[in-house]
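> Structure file my_file.txt (compact mmCIF, C-alpha atoms and all ligand atoms) is given on the next line.
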```txt
# COMPACT_ATOMS: atom_id res chain seq x y z
CA MET A 1 76.21 -1.21 128.78
CA LYS A 2 79.01 -1.36 131.23
CA SER A 3 82.77 -1.23 130.81
CA VAL A 4 85.21 -2.16 133.55
CA ILE A 5 88.16 0.19 133.67
CA ASP A 6 88.78 0.07 137.42
CA ILE A 7 87.69 -2.53 139.96
CA LEU A 8 85.64 0.24 141.62
CA ASP A 9 83.44 0.31 138.52
CA LEU A 10 81.90 -2.79 140.09
CA SER A 11 80.00 -2.41 143.35
CA LYS A 12 80.90 -4.66 146.26
CA GLU A 13 77.71 -6.61 145.49
CA GLU A 14 78.72 -7.00 141.83
CA VAL A 15 82.14 -8.31 142.89
CA GLN A 16 80.39 -10.89 145.09
CA GLU A 17 78.09 -11.73 142.14
CA LEU A 18 81.21 -12.41 140.02
CA LEU A 19 82.74 -14.57 142.76
CA ASP A 20 79.50 -16.55 143.05
CA SER A 21 79.24 -16.86 139.27
CA ALA A 22 82.85 -18.11 139.02
CA MET A 23 82.21 -20.66 141.77
CA ASP A 24 79.10 -21.85 139.94
CA MET A 25 81.07 -22.18 136.69
CA ILE A 26 83.68 -24.25 138.52
CA ALA A 27 80.95 -26.51 139.92
CA HIS A 28 78.85 -26.78 136.73
CA PRO A 29 81.11 -26.20 133.69
CA ALA A 30 78.79 -27.98 131.24
CA GLN A 31 76.02 -25.44 131.83
CA TYR A 32 78.16 -22.61 130.46
CA ARG A 33 79.70 -24.20 127.36
CA LYS A 34 77.37 -22.47 124.88
CA VAL A 35 76.12 -19.37 126.69
CA LEU A 36 78.01 -16.95 124.42
CA GLU A 37 77.65 -18.83 121.14
CA GLY A 38 77.81 -16.35 118.26
CA LYS A 39 79.61 -13.66 120.31
CA LYS A 40 83.14 -12.39 119.67
CA LEU A 41 85.81 -11.10 122.02
CA ALA A 42 88.59 -8.85 120.63
CA THR A 43 91.81 -8.90 122.64
CA LEU A 44 93.82 -5.75 121.86
CA PHE A 45 97.20 -6.02 123.54
CA TYR A 46 99.75 -3.21 123.05
CA GLU A 47 102.00 -4.66 125.77
CA PRO A 48 103.34 -8.19 126.31
CA SER A 49 101.15 -10.65 128.21
CA THR A 50 100.91 -14.37 128.77
CA ARG A 51 98.27 -14.90 131.46
CA THR A 52 95.84 -12.08 130.83
CA ARG A 53 95.47 -12.41 127.07
CA LEU A 54 95.44 -16.20 126.96
CA SER A 55 93.08 -16.51 129.92
CA PHE A 56 90.67 -14.02 128.35
CA GLU A 57 90.76 -16.02 125.14
CA ALA A 58 90.38 -19.35 126.91
CA ALA A 59 87.53 -17.91 128.98
CA MET A 60 85.62 -16.74 125.89
CA LEU A 61 86.14 -20.07 124.08
CA GLU A 62 84.93 -21.97 127.17
CA LEU A 63 81.73 -19.91 127.09
CA GLY A 64 81.09 -20.92 123.47
CA GLY A 65 82.20 -17.60 121.95
CA THR A 66 85.05 -16.87 119.55
CA VAL A 67 88.07 -14.57 119.66
CA ILE A 68 89.86 -12.15 117.37
CA SER A 69 93.21 -10.94 118.60
CA MET A 70 95.79 -8.22 118.23
CA ALA A 71 98.64 -9.64 120.24
CA ASP A 72 101.32 -7.28 118.99
CA ALA A 73 100.72 -3.57 118.39
CA ASN A 74 103.56 -3.51 115.84
CA SER A 75 101.56 -5.72 113.52
CA SER A 76 98.50 -3.43 113.70
CA SER A 77 97.78 0.07 112.46
CA ALA A 78 98.88 1.40 115.86
CA ALA A 79 102.36 1.22 114.30
CA LYS A 80 101.14 3.74 111.68
CA GLY A 81 99.92 6.10 114.39
CA GLU A 82 96.25 5.08 114.72
CA THR A 83 94.90 6.27 118.06
CA VAL A 84 93.38 4.04 120.71
CA ILE A 85 90.02 5.75 120.22
CA ASP A 86 90.00 5.16 116.47
CA THR A 87 91.11 1.56 116.95
CA ALA A 88 88.28 0.92 119.44
CA ARG A 89 85.74 2.48 117.07
CA VAL A 90 86.96 0.23 114.26
CA VAL A 91 87.02 -2.94 116.37
CA SER A 92 83.50 -2.20 117.67
CA ASN A 93 82.37 -3.19 114.15
CA TYR A 94 83.96 -6.62 114.38
CA ALA A 95 83.46 -7.78 117.97
CA ASP A 96 80.95 -7.71 120.84
CA ILE A 97 83.40 -6.98 123.66
CA ILE A 98 87.01 -5.76 123.92
CA ALA A 99 89.75 -6.65 126.40
CA MET A 100 92.54 -4.08 126.09
CA ARG A 101 96.04 -3.86 127.54
CA HIS A 102 98.07 -0.72 126.86
CA PHE A 103 101.26 0.82 128.19
CA LYS A 104 99.59 4.23 128.66
CA GLU A 105 97.52 5.02 131.73
CA GLY A 106 93.89 5.60 130.84
CA ALA A 107 94.02 3.87 127.45
CA ALA A 108 91.10 1.55 128.25
CA LEU A 109 88.94 4.49 129.30
CA ALA A 110 89.82 6.25 126.05
CA ALA A 111 88.76 3.13 124.12
CA ALA A 112 85.50 2.86 126.05
CA SER A 113 84.69 6.55 125.62
CA LYS A 114 83.99 6.37 121.87
CA GLY A 115 83.46 2.69 121.11
CA TRP A 116 80.00 1.18 121.41
CA ILE A 117 80.80 -2.22 122.90
CA PRO A 118 81.96 -2.98 126.48
CA VAL A 119 85.68 -2.56 127.17
CA ILE A 120 87.54 -4.44 129.88
CA ASN A 121 90.80 -2.92 131.06
CA ALA A 122 93.42 -5.68 130.92
CA GLY A 123 96.07 -3.35 132.36
CA ASP A 124 96.77 0.33 131.55
CA GLY A 125 100.40 1.26 132.22
CA GLY A 126 101.09 1.62 135.92
CA HIS A 127 97.49 2.52 136.68
CA CYS A 128 95.00 -0.38 137.10
CA HIS A 129 94.54 -4.07 136.38
CA PRO A 130 91.00 -4.88 137.53
CA THR A 131 90.75 -8.41 136.14
CA GLN A 132 93.95 -9.43 137.92
CA THR A 133 92.22 -8.12 141.02
CA THR A 134 89.25 -10.37 140.44
CA ALA A 135 91.70 -13.30 140.18
CA ASP A 136 93.30 -12.15 143.43
CA LEU A 137 89.92 -11.84 145.15
CA LEU A 138 88.80 -15.32 144.10
CA THR A 139 92.11 -16.69 145.37
CA ILE A 140 91.66 -15.00 148.76
CA TYR A 141 88.01 -16.12 148.87
CA ARG A 142 88.88 -19.75 148.14
CA GLU A 143 91.97 -19.88 150.37
CA LYS A 144 90.89 -17.76 153.35
CA GLY A 145 87.09 -17.87 153.05
CA HIS A 146 86.66 -14.16 153.85
CA PHE A 147 88.12 -10.69 153.27
CA ASP A 148 87.33 -8.83 156.49
CA GLY A 149 90.05 -8.50 159.12
CA LEU A 150 93.02 -9.56 156.97
CA THR A 151 96.51 -8.07 157.26
CA VAL A 152 97.89 -7.81 153.75
CA GLY A 153 101.53 -7.07 152.97
CA PHE A 154 102.21 -5.60 149.54
CA VAL A 155 105.86 -6.00 148.63
CA GLY A 156 108.04 -4.49 145.89
CA ASP A 157 106.99 -1.96 143.28
CA LEU A 158 104.02 -0.23 144.85
CA LYS A 159 104.48 2.88 142.71
CA TYR A 160 103.92 1.38 139.28
CA GLY A 161 102.34 -1.89 140.48
CA ARG A 162 98.91 -1.62 138.89
CA THR A 163 97.80 -4.91 140.45
CA VAL A 164 98.58 -3.47 143.87
CA HIS A 165 96.54 -0.31 143.20
CA SER A 166 93.55 -2.29 141.99
CA LEU A 167 93.63 -4.80 144.86
CA ILE A 168 93.87 -2.03 147.46
CA ASN A 169 90.87 -0.34 145.82
CA ALA A 170 88.96 -3.62 146.02
CA LEU A 171 89.93 -4.33 149.64
CA SER A 172 88.97 -0.80 150.72
CA ARG A 173 85.33 -1.93 150.74
CA TYR A 174 85.83 -4.66 153.35
CA GLU A 175 86.06 -4.26 157.12
CA ASN A 176 89.20 -4.00 159.26
CA ILE A 177 91.72 -4.60 156.50
CA ARG A 178 95.24 -3.67 157.57
CA LEU A 179 97.84 -2.83 154.91
CA VAL A 180 101.59 -3.23 155.33
CA LEU A 181 103.21 -1.41 152.41
CA ILE A 182 106.73 -2.76 151.95
CA SER A 183 108.83 -1.03 149.30
CA PRO A 184 111.96 0.97 148.69
CA LYS A 185 111.17 4.66 149.26
CA GLU A 186 111.53 5.31 145.51
CA LEU A 187 108.73 2.81 144.76
CA ALA A 188 106.29 3.80 147.51
CA LEU A 189 102.56 3.74 146.87
CA PRO A 190 101.41 6.88 144.96
CA GLN A 191 100.00 9.63 147.14
CA TYR A 192 96.74 9.54 145.17
CA MET A 193 96.12 5.99 146.43
CA ILE A 194 96.50 7.17 150.02
CA ASP A 195 94.39 10.31 149.48
CA ASN A 196 91.67 8.83 147.28
CA THR A 197 91.33 5.28 148.64
CA ILE A 198 93.10 4.41 151.88
CA ARG A 199 92.27 7.47 154.00
CA PRO A 200 88.63 7.86 152.87
CA ALA A 201 88.04 4.15 153.62
CA GLY A 202 89.65 4.52 157.05
CA MET A 203 92.05 1.65 156.31
CA GLU A 204 94.88 1.13 158.75
CA TYR A 205 98.24 1.19 156.98
CA VAL A 206 101.97 1.32 157.65
CA GLU A 207 104.80 1.99 155.20
CA THR A 208 108.09 0.19 155.75
CA THR A 209 111.18 -0.92 153.86
CA SER A 210 111.66 -4.20 155.78
CA LEU A 211 110.16 -7.46 154.50
CA GLU A 212 111.77 -9.60 157.21
CA ASP A 213 110.32 -7.55 160.08
CA SER A 214 106.85 -7.57 158.50
CA ILE A 215 106.42 -11.23 157.56
CA PRO A 216 105.27 -12.64 160.96
CA GLN A 217 102.19 -10.37 161.13
CA LEU A 218 100.90 -11.01 157.59
CA ASP A 219 97.89 -13.11 156.52
CA ILE A 220 98.76 -12.47 152.87
CA ILE A 221 102.18 -11.74 151.36
CA TYR A 222 101.51 -10.11 147.98
CA MET A 223 104.82 -10.04 146.11
CA THR A 224 105.33 -7.95 142.96
CA ARG A 225 108.00 -7.68 140.31
CA ILE A 226 110.15 -4.55 140.06
CA GLN A 227 109.05 -3.63 136.54
CA LYS A 228 111.95 -2.70 134.29
CA GLU A 229 109.59 -1.39 131.62
CA ARG A 230 108.14 1.31 133.91
CA PHE A 231 111.46 3.02 134.73
CA ASP A 232 112.59 6.13 132.84
CA ASP A 233 116.01 5.76 134.49
CA GLN A 234 117.50 2.29 133.92
CA ASP A 235 120.27 2.92 136.50
CA GLU A 236 117.56 3.32 139.12
CA TYR A 237 116.02 0.01 138.00
CA GLU A 238 119.40 -1.75 138.35
CA ARG A 239 119.79 -0.32 141.85
CA LEU A 240 116.31 -1.39 142.99
CA LYS A 241 115.61 -4.60 141.09
CA ASP A 242 116.76 -7.02 143.80
CA SER A 243 115.23 -5.13 146.73
CA TYR A 244 113.15 -8.08 147.98
CA VAL A 245 113.51 -11.82 147.52
CA LEU A 246 111.11 -14.12 149.35
CA ASP A 247 112.65 -17.53 149.93
CA ALA A 248 112.04 -20.65 152.00
CA ALA A 249 114.22 -19.34 154.84
CA LYS A 250 112.11 -16.19 155.16
CA MET A 251 108.89 -18.23 154.96
CA GLN A 252 109.87 -19.93 158.21
CA SER A 253 108.75 -16.83 160.09
CA ALA A 254 105.40 -16.59 158.25
CA LYS A 255 102.14 -17.69 159.85
CA ALA A 256 101.11 -21.30 159.22
CA ASP A 257 97.98 -20.12 157.37
CA CYS A 258 99.59 -17.19 155.59
CA ILE A 259 99.25 -17.28 151.79
CA VAL A 260 101.79 -16.04 149.24
CA MET A 261 100.40 -14.32 146.16
CA HIS A 262 102.01 -12.80 143.07
CA PRO A 263 100.28 -11.66 139.87
CA LEU A 264 103.21 -13.12 137.86
CA PRO A 265 105.40 -13.05 135.88
CA ARG A 266 108.09 -13.27 138.54
CA VAL A 267 111.75 -12.68 137.90
CA ASN A 268 113.63 -13.47 141.10
CA GLU A 269 111.48 -11.92 143.83
CA ILE A 270 110.13 -15.34 144.86
CA ALA A 271 112.78 -18.06 144.97
CA VAL A 272 111.71 -21.35 143.41
CA ASP A 273 112.21 -23.03 146.81
CA VAL A 274 108.90 -21.41 147.87
CA ASP A 275 106.94 -23.02 145.01
CA ASP A 276 106.27 -26.29 146.82
CA ASP A 277 105.28 -24.60 150.07
CA PRO A 278 101.52 -25.28 150.49
CA ARG A 279 101.12 -21.58 151.32
CA ALA A 280 102.29 -20.57 147.80
CA CYS A 281 99.17 -19.62 145.85
CA TYR A 282 100.52 -17.78 142.80
CA PHE A 283 99.84 -20.59 140.34
CA LYS A 284 96.33 -21.00 141.76
CA GLN A 285 95.81 -17.27 141.00
CA VAL A 286 96.45 -18.03 137.33
CA LEU A 287 93.57 -20.51 137.13
CA ASN A 288 91.31 -18.32 139.23
CA GLY A 289 91.99 -15.53 136.74
CA LYS A 290 90.47 -17.57 133.94
CA TYR A 291 87.38 -18.34 136.04
CA MET A 292 86.85 -14.70 136.94
CA ARG A 293 87.39 -13.50 133.37
CA ARG A 294 84.70 -15.99 132.29
CA ALA A 295 82.38 -14.53 134.90
CA MET A 296 83.16 -10.95 133.90
CA ILE A 297 82.75 -11.47 130.17
CA LEU A 298 79.39 -13.17 130.75
CA LYS A 299 78.18 -10.43 133.10
CA LEU A 300 79.14 -7.60 130.73
CA MET A 301 77.66 -9.34 127.67
CA ARG A 302 74.36 -9.88 129.50
CA ASP A 303 74.40 -6.29 130.74
CA ALA A 304 75.04 -5.02 127.19
CA GLU A 305 72.02 -6.98 125.95
CA GLU A 306 69.77 -5.71 128.76
CA HIS A 307 70.95 -2.07 128.63
CA PRO A 308 72.14 -1.40 125.06
CA ASP A 309 71.41 2.34 125.18
CA THR A 310 73.18 3.34 128.39
CA LYS A 311 76.92 3.66 128.75
CA GLU A 312 78.75 3.40 132.06
CA LEU A 313 82.31 4.70 131.81
CA GLY A 314 83.64 3.97 135.24
CA ILE A 315 85.20 6.91 137.05
CA ALA A 316 84.08 9.23 134.24
CA THR A 317 80.44 8.53 135.09
CA ARG A 318 80.78 7.68 138.80
CA LEU A 319 82.19 11.09 139.80
CA LYS A 320 81.16 14.68 139.06
CA ARG A 321 82.68 15.83 135.77
CA MET A 322 84.22 19.19 134.96
CA PRO A 323 82.16 20.95 132.26
CA ASP A 324 83.60 20.16 128.81
CA GLU A 325 84.30 23.84 127.95
CA GLN A 326 86.44 24.19 131.10
CA ALA A 327 88.08 20.77 130.62
CA LYS A 328 89.22 21.73 127.11
CA ARG A 329 91.36 24.51 128.63
CA CYS A 330 93.09 22.16 131.14
CA LYS A 331 95.80 19.56 130.59
CA CYS A 332 96.83 16.48 132.54
CA GLY A 333 100.46 16.83 133.65
CA ASN A 334 101.27 13.10 133.68
CA PRO A 335 103.48 12.13 130.71
CA LYS A 336 102.43 8.49 131.14
CA CYS A 337 98.76 9.42 130.55
CA ILE A 338 97.09 8.55 127.24
CA THR A 339 96.04 12.21 126.84
CA PHE A 340 99.72 13.16 126.66
CA THR A 341 100.64 11.02 123.66
CA GLU A 342 97.23 11.10 122.03
CA PRO A 343 96.16 14.73 122.53
CA SER A 344 93.00 14.22 120.47
CA THR A 345 91.67 12.17 123.43
CA PRO A 346 89.03 14.43 125.03
CA ASN A 347 90.08 15.80 128.43
CA ILE A 348 87.94 14.47 131.26
CA PHE A 349 88.49 15.74 134.81
CA VAL A 350 86.46 14.47 137.73
CA THR A 351 85.97 15.41 141.36
CA GLU A 352 84.42 14.01 144.51
CA ASP A 353 84.29 17.26 146.47
CA GLY A 354 83.59 19.78 143.68
CA THR A 355 86.98 21.49 143.94
CA ASN A 356 89.88 19.01 143.68
CA TYR A 357 89.81 17.68 140.13
CA ARG A 358 91.81 14.76 138.84
CA CYS A 359 92.34 13.30 135.38
CA ALA A 360 89.76 10.55 134.79
CA TYR A 361 92.25 8.57 132.69
CA CYS A 362 95.24 8.34 135.06
CA GLU A 363 93.90 9.90 138.32
CA THR A 364 96.70 12.46 138.50
CA ALA A 365 95.59 15.53 140.45
CA LEU A 366 95.04 18.61 138.30
CA LYS A 367 97.38 21.39 139.43
N1 LIG B 401 99.48 -11.00 135.73
C1 LIG B 401 99.56 -10.61 134.46
O1 LIG B 401 98.97 -9.57 134.09
O2 LIG B 401 100.31 -11.40 133.65
P1 LIG B 401 100.58 -11.15 132.11
O3 LIG B 401 101.38 -9.88 132.00
O4 LIG B 401 101.32 -12.34 131.62
O5 LIG B 401 99.24 -10.97 131.44
```
As structure tokens, how would this structure be written, given the file I've shared?


Amino acid sequence: MKSVIDILDLSKEEVQELLDSAMDMIAHPAQYRKVLEGKKLATLFYEPSTRTRLSFEAAMLELGGTVISMADANSSSAAKGETVIDTARVVSNYADIIAMRHFKEGAALAAASKGWIPVINAGDGGHCHPTQTTADLLTIYREKGHFDGLTVGFVGDLKYGRTVHSLINALSRYENIRLVLISPKELALPQYMIDNTIRPAGMEYVETTSLEDSIPQLDIIYMTRIQKERFDDQDEYERLKDSYVLDAAKMQSAKADCIVMHPLPRVNEIAVDVDDDPRACYFKQVLNGKYMRRAMILKLMRDAEEHPDTKELGIATRLKRMPDEQAKRCKCGNPKCITFTEPSTPNIFVTEDGTNYRCAYCETALK
């Protein structure tokens, strides 16, 4: 049984399998209308969502399954203090697969660690958003036809932008990708992304504050919202919120075959005068997200049937784990990590090199 907490929990071949599966579902929708008859998806959303929750639900219904939903944490026992782990254990009795969004980093891994049905991370704080990444990948695949050799500009909140982190992780497995990281200095990409992903993959990257200077070289302009809800200091949000606005005037210097992407929702970072530009692909991403969530649900349900007794927990099983006795004596220092607010969540620290450990939930380096 496999859960998807991070896009890297899927091999490059599995990502291609999902892309092929989604394309087949687009071509032959009738063949998939009953494939998950009798199966239930639980959507557990502790944070607002339009696209992710509704597209998961639409995807499951289109596969012949049914849905139970917790769309508002305040109307669930989370409001009484029930932990994510306990909630996942409870819901494992009612459903066959969970899609979870939570404001704490690592919440989906916590849910997967003790539940006994697959968990899909539908966004965990500022950490990851792997299913948005699959939507992004299908959009690139359909619009550009390939991944290798692209110059991708990520614009806006690269610090808390979980869709950015997940897409960079996904692109790190393709050849000759060049990243242009465009952000205010305060919202630069976290160092762990550079140390754990970009440098080991040998990706070329530049960091800059200028959108205008960068536009002409980009094959993809990936805009993001400056996320009010991620800031501890609201004055800083007010200062940074209008850092970048892409409009029709700026698009004049973009390549003719450049595409504009955005995970949405947008606030004002893409002016509406870009919407009718044929290079604007952000509403296509929305539909592609539903296709890829269909493909992912189907893959994980089939995998759970074929391998009911094994449990793959993403980073926690991919990397070498600190022995439990030692891990109990350590603490993650990231206040946005699920282990901070729910200290009963078992500590899990992982390493690639045997010495530098990081928290498996939020990937913060252990000091
Ligand atoms: N892109 C995305 O995650 O949108 P929602 O927050 O509406 O789900």

> Please identify all polymer residues lying at most 12 Å from the point (97.6, 4.0, 126.4) (file coordinates), using only C-alpha atoms, and present the result as a PyMOL selection string.

chain A and resi 44-47+73+78+82-85+87+100-111+121-128+335-343+345+361-362

> With a cut-off of 10 Å, could you pull out the residues of chain A touching ligand LIG 401 (chain B) and give me the nearest pair of atoms for each, distance in Å to one decimal, using all atoms listed in the file, ordered by chain and ascending number, as a tab-separated table?


```
residue	atom	partner	partner_atom	distance
A:Phe45	CA	B:LIG401	O5	9.5
A:Glu47	CA	B:LIG401	O3	8.2
A:Pro48	CA	B:LIG401	O3	6.3
A:Ser49	CA	B:LIG401	O5	3.8
A:Thr50	CA	B:LIG401	O4	3.5
A:Arg51	CA	B:LIG401	O4	4.0
A:Thr52	CA	B:LIG401	O5	3.6
A:Arg53	CA	B:LIG401	O5	5.9
A:Leu54	CA	B:LIG401	O5	7.9
A:Ser55	CA	B:LIG401	O5	8.4
A:Phe56	CA	B:LIG401	O5	9.6
A:Arg101	CA	B:LIG401	O5	8.7
A:Ala122	CA	B:LIG401	O1	7.5
A:Gly123	CA	B:LIG401	O1	7.1
A:His129	CA	B:LIG401	O1	7.4
A:Pro130	CA	B:LIG401	O1	9.9
A:Thr131	CA	B:LIG401	O1	8.6
A:Gln132	CA	B:LIG401	N1	6.2
A:Thr133	CA	B:LIG401	N1	9.4
A:Ala135	CA	B:LIG401	N1	9.3
A:Asp136	CA	B:LIG401	N1	9.9
A:Arg162	CA	B:LIG401	O1	9.3
A:Thr163	CA	B:LIG401	N1	7.9
A:Thr224	CA	B:LIG401	N1	9.8
A:His262	CA	B:LIG401	N1	8.0
A:Pro263	CA	B:LIG401	N1	4.3
A:Leu264	CA	B:LIG401	N1	4.8
A:Pro265	CA	B:LIG401	O2	5.8
A:Arg266	CA	B:LIG401	N1	9.3
A:Tyr282	CA	B:LIG401	N1	9.9
A:Gln285	CA	B:LIG401	N1	9.0
A:Val286	CA	B:LIG401	N1	7.8
A:Gly289	CA	B:LIG401	N1	8.8
```

> For A:Cys332, please output as number ranges by chain all residues within 9 Å (counting only C-alpha atoms; exclusion window: fewer than 6 positions along the same chain).

A: 339-340, 347, 349, 358-359, 362, 364-367

> When you look at A:Glu62 with a cut-off of 8 Å (counting all atoms listed in the file), what residues show up, excluding the ones that are within fewer than 6 positions of it in the same chain? I need them as a PyMOL selection string.

chain A and resi 32-34+294

> Which residue, A:Gly149, A:Pro216, A:Pro308, A:Pro200, has the smallest gap to A:Lys250 when you use all atoms listed in the file?

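Nearest candidate to A:Lys250 out of A:Gly149, A:Pro216, A:Pro308, A:Pro200: A:Pro216.
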
> Go through A:Ile7, A:Ile140, A:Val245, A:Ala304 and flag the residue nearest A:Ala170, using all atoms listed in the file for the distances.

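Among the listed residues, A:Ile7 lies closest to A:Ala170.
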
> Considering only C-alpha atoms, state which residue in the set A:Gln326, A:Ser243, A:Ser166, A:Ser3 is at the smallest distance from A:Val350.

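Closest candidate: A:Gln326.
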
> Quick check, in Å to one decimal: how far apart do atom CA of A:Ala249 and atom CA of A:Asp213 lie?

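Between these atoms lies a distance of 13.5 Å.
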
> Extract, using all atoms listed in the file, all DNA, RNA and protein residues at most 10 Å from A:Met60, discarding same-chain residues fewer than 6 positions from it, and format them as a list of chain:residue names.

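Near neighbours after the sequence-gap exclusion: A:Arg33, A:Val35, A:Leu36, A:Glu37, A:Lys39, A:Lys40, A:Leu41, A:Ala42, A:Leu54, A:Thr66, A:Val67, A:Lys290, A:Arg293, A:Arg294, A:Ala295, A:Ile297, A:Leu298.
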
> Need the neighbours of (86.7, -1.9, 120.7): which residues are at most 9 Å away, counting only C-alpha atoms, as a ChimeraX atom specification?

/A:42-44,84-100,111-112,114-119

> For the contact check between stretch 74-158 of chain A and stretch 201-210 of chain A, emit one row per residue of stretch 74-158 of chain A within 12 Å, containing the shortest atom pair and the distance in Å rounded to one decimal, counting only C-alpha atoms, chain then rising number order, as a tab-separated table.


```
residue	atom	partner	partner_atom	distance
A:Asp148	CA	A:Met203	CA	11.5
A:Gly149	CA	A:Met203	CA	10.7
A:Leu150	CA	A:Glu204	CA	11.0
A:Thr151	CA	A:Tyr205	CA	9.4
A:Val152	CA	A:Tyr205	CA	9.6
A:Gly153	CA	A:Val206	CA	9.6
A:Phe154	CA	A:Glu207	CA	9.8
A:Val155	CA	A:Thr209	CA	9.0
A:Gly156	CA	A:Thr209	CA	9.3
A:Asp157	CA	A:Thr209	CA	11.4
A:Leu158	CA	A:Glu207	CA	10.6
```

> A:Ile221, A:Asp20, A:Asn196, A:His146: which is nearest A:Val180, counting only C-alpha atoms?

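So, comparing all the options, the nearest one is A:Ile221.
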
> Just the number, please: distance in Å from atom CA of A:Ser214 to atom CA of A:Ala254, one decimal.

9.1 Å

> Near A:Arg321, counting only C-alpha atoms, which residues have an atom at most 12 Å away, once you skip same-chain residues fewer than 3 positions from it, shown as a VMD selection string?

chain A and resid 313 to 318 324 to 327 347 to 360

> Just to be explicit: take each residue in the selection above, keep C-alpha atoms, and write the result as a CSV table (one decimal), in the frame of the given file.


```csv
chain,number,residue,atom,x,y,z
A,313,LEU,CA,82.3,4.7,131.8
A,314,GLY,CA,83.6,4.0,135.2
A,315,ILE,CA,85.2,6.9,137.0
A,316,ALA,CA,84.1,9.2,134.2
A,317,THR,CA,80.4,8.5,135.1
A,318,ARG,CA,80.8,7.7,138.8
A,324,ASP,CA,83.6,20.2,128.8
A,325,GLU,CA,84.3,23.8,128.0
A,326,GLN,CA,86.4,24.2,131.1
A,327,ALA,CA,88.1,20.8,130.6
A,347,ASN,CA,90.1,15.8,128.4
A,348,ILE,CA,87.9,14.5,131.3
A,349,PHE,CA,88.5,15.7,134.8
A,350,VAL,CA,86.5,14.5,137.7
A,351,THR,CA,86.0,15.4,141.4
A,352,GLU,CA,84.4,14.0,144.5
A,353,ASP,CA,84.3,17.3,146.5
A,354,GLY,CA,83.6,19.8,143.7
A,355,THR,CA,87.0,21.5,143.9
A,356,ASN,CA,89.9,19.0,143.7
A,357,TYR,CA,89.8,17.7,140.1
A,358,ARG,CA,91.8,14.8,138.8
A,359,CYS,CA,92.3,13.3,135.4
A,360,ALA,CA,89.8,10.6,134.8
```

> Any idea what the distance is between atom CA of A:Ile215 and atom CA of A:Asn169?

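These two atoms are separated by 22.3 Å.
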
> Could you check which of A:Asp6, A:Asp257, A:Glu175, A:Asp247 is closest to A:Arg279, using all atoms listed in the file?

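Among A:Asp6, A:Asp257, A:Glu175, A:Asp247, it is A:Asp257 that comes nearest to A:Arg279.
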
> Centre and edge lengths of an axis-aligned box around all listed atoms of stretch 96-106 of chain A, with 8 Å added on each side, are to be given in Å to one decimal, as lines of an AutoDock Vina configuration file.


```
center_x = 91.1
center_y = -1.1
center_z = 126.3
size_x = 36.3
size_y = 29.3
size_z = 26.9
```

> Would you mind telling me which residue in A:Gly333, A:Gly38, A:Gly161, A:Gly81 lies nearest to A:Arg230 when using all atoms listed in the file?

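The closest residue to A:Arg230 is A:Gly161.
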